[in-house]
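Below is one structure, written out as C-alpha coordinates; comments come after it.
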Amino acid sequence: MVKQTQRINAKELHLGISDEASWHAKFKDSAYVYVGRLPYDLTEGDLLAVFAQSYGEVVDVNLVRDQGTGKSKGFAFVAYEDQRSTILLEVLIPVEELKIGEVPGEIV
(Lines give C-alpha, C1' and ligand atoms only; values in the text may rest on other atoms or scores of the structure.)
Protein backbone atom coordinates (compact mmCIF):
# COMPACT_ATOMS: atom_id res chain seq x y z
CA MET A 1 0.00 0.00 0.00
CA VAL A 2 2.81 2.43 0.83
CA LYS A 3 4.63 1.78 -2.45
CA GLN A 4 1.41 2.26 -4.39
CA THR A 5 0.81 5.58 -2.62
CA GLN A 6 4.37 6.68 -3.39
CA ARG A 7 3.84 5.85 -7.08
CA ILE A 8 0.64 7.90 -7.16
CA ASN A 9 2.39 10.81 -5.45
CA ALA A 10 5.29 10.65 -7.92
CA LYS A 11 2.90 10.58 -10.88
CA GLU A 12 0.99 13.60 -9.56
CA LEU A 13 4.27 15.47 -9.06
CA HIS A 14 5.45 14.56 -12.58
CA LEU A 15 2.13 15.70 -14.09
CA GLY A 16 2.18 18.95 -12.13
CA ILE A 17 -1.16 18.35 -10.43
CA SER A 18 -1.97 21.13 -7.98
CA ASP A 19 -2.44 20.52 -4.27
CA GLU A 20 -6.15 21.29 -4.56
CA ALA A 21 -6.61 18.69 -7.31
CA SER A 22 -4.50 16.03 -5.60
CA TRP A 23 -6.03 13.01 -3.89
CA HIS A 24 -4.48 14.40 -0.69
CA ALA A 25 -7.01 17.24 -0.71
CA LYS A 26 -9.89 14.79 -0.33
CA PHE A 27 -8.41 13.14 2.76
CA LYS A 28 -6.37 15.93 4.38
CA ASP A 29 -8.99 16.50 7.06
CA SER A 30 -9.71 12.83 7.69
CA ALA A 31 -9.68 11.68 11.29
CA TYR A 32 -8.70 8.13 10.25
CA VAL A 33 -5.25 6.59 10.40
CA TYR A 34 -4.12 3.31 8.87
CA VAL A 35 -2.30 0.99 11.26
CA GLY A 36 -0.50 -2.02 9.78
CA ARG A 37 1.82 -4.86 10.69
CA LEU A 38 -0.32 -5.73 13.70
CA PRO A 39 -0.15 -9.02 15.60
CA TYR A 40 -2.97 -11.25 14.35
CA ASP A 41 -4.27 -11.93 17.85
CA LEU A 42 -4.85 -8.24 18.60
CA THR A 43 -8.47 -7.21 19.24
CA GLU A 44 -10.40 -4.01 18.67
CA GLY A 45 -10.27 -3.42 22.43
CA ASP A 46 -6.47 -3.67 22.40
CA LEU A 47 -6.25 -1.07 19.64
CA LEU A 48 -8.68 1.19 21.43
CA ALA A 49 -6.60 1.00 24.61
CA VAL A 50 -3.32 1.77 22.84
CA PHE A 51 -4.52 4.63 20.64
CA ALA A 52 -6.80 6.34 23.17
CA GLN A 53 -4.29 6.52 26.01
CA SER A 54 -2.39 9.58 24.82
CA TYR A 55 -3.54 10.76 21.43
CA GLY A 56 -7.21 11.67 21.77
CA GLU A 57 -10.65 10.14 21.89
CA VAL A 58 -11.05 7.20 19.51
CA VAL A 59 -14.50 7.06 17.91
CA ASP A 60 -14.06 4.10 15.55
CA VAL A 61 -11.79 1.07 15.28
CA ASN A 62 -12.06 -1.04 12.15
CA LEU A 63 -9.84 -4.11 12.53
CA VAL A 64 -9.98 -5.66 9.09
CA ARG A 65 -10.86 -9.35 9.21
CA ASP A 66 -11.04 -12.19 6.71
CA GLN A 67 -14.68 -12.64 5.69
CA GLY A 68 -14.42 -16.42 5.68
CA THR A 69 -12.52 -17.08 8.88
CA GLY A 70 -13.12 -13.91 10.88
CA LYS A 71 -9.39 -13.73 11.67
CA SER A 72 -7.53 -10.44 11.65
CA LYS A 73 -5.63 -9.52 8.49
CA GLY A 74 -3.08 -7.58 10.55
CA PHE A 75 -4.19 -4.03 9.78
CA ALA A 76 -6.82 -1.58 10.95
CA PHE A 77 -8.22 1.90 10.56
CA VAL A 78 -8.57 4.03 13.69
CA ALA A 79 -10.67 7.22 13.78
CA TYR A 80 -10.32 10.03 16.27
CA GLU A 81 -12.99 12.46 17.36
CA ASP A 82 -10.67 15.34 16.47
CA GLN A 83 -8.66 15.18 13.24
CA ARG A 84 -5.80 17.03 14.95
CA SER A 85 -5.10 13.86 16.93
CA THR A 86 -3.93 12.22 13.70
CA ILE A 87 -1.37 14.96 13.21
CA LEU A 88 -0.24 14.65 16.81
CA LEU A 89 0.11 10.90 16.38
CA GLU A 90 2.25 11.28 13.24
CA VAL A 91 4.50 13.87 14.87
CA LEU A 92 4.98 12.12 18.20
CA ILE A 93 5.37 8.55 17.01
CA PRO A 94 7.55 7.76 14.03
CA VAL A 95 6.47 4.55 12.32
CA GLU A 96 9.52 2.67 13.59
CA GLU A 97 8.83 3.51 17.23
CA LEU A 98 5.17 2.55 17.62
CA LYS A 99 5.10 -0.87 19.20
CA ILE A 100 1.98 -2.84 19.83
CA GLY A 101 2.91 -6.07 21.53
CA GLU A 102 6.29 -6.97 20.09
CA VAL A 103 5.56 -6.02 16.48
CA PRO A 104 6.07 -2.43 15.33
CA GLY A 105 2.96 -0.81 13.92
CA GLU A 106 2.89 1.12 10.69
CA ILE A 107 0.93 4.34 10.48
CA VAL A 108 0.19 5.95 7.17
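So you can find residues: chains in the C-alpha coordinates are A, B, ... in the order shown, residues in each start at 1, and ligands are numbered from 1 in order.
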Selection near A:Ala76, 6 Å with only C-alpha atoms, sequence-local residues under 3 positions removed, as a PyMOL selection string = chain A and resi 34-35+62-64
Have a look at A:Ser18, A:Thr86, A:Gln67, A:Gln6 and name the one nearest to A:Tyr32; count only C-alpha atoms.
-> A:Thr86
Residue nearest A:Val59 - candidates A:Ala31, A:Ile17, A:Lys71, A:Pro39, atoms counted: only C-alpha atoms =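 Checking each candidate against A:Val59, we get A:Ala31 as the closest.
Between A:Ile87 and the candidates A:Val33, A:Val58, A:Ala52, A:Leu42, the tightest atom-to-atom separation, counting only C-alpha atoms, involves A:Val33.
Closest approach to A:Leu89 from the set A:Ala10, A:Thr69, A:Gly74, A:Tyr55 is made by A:Tyr55, with distances taken over only C-alpha atoms.
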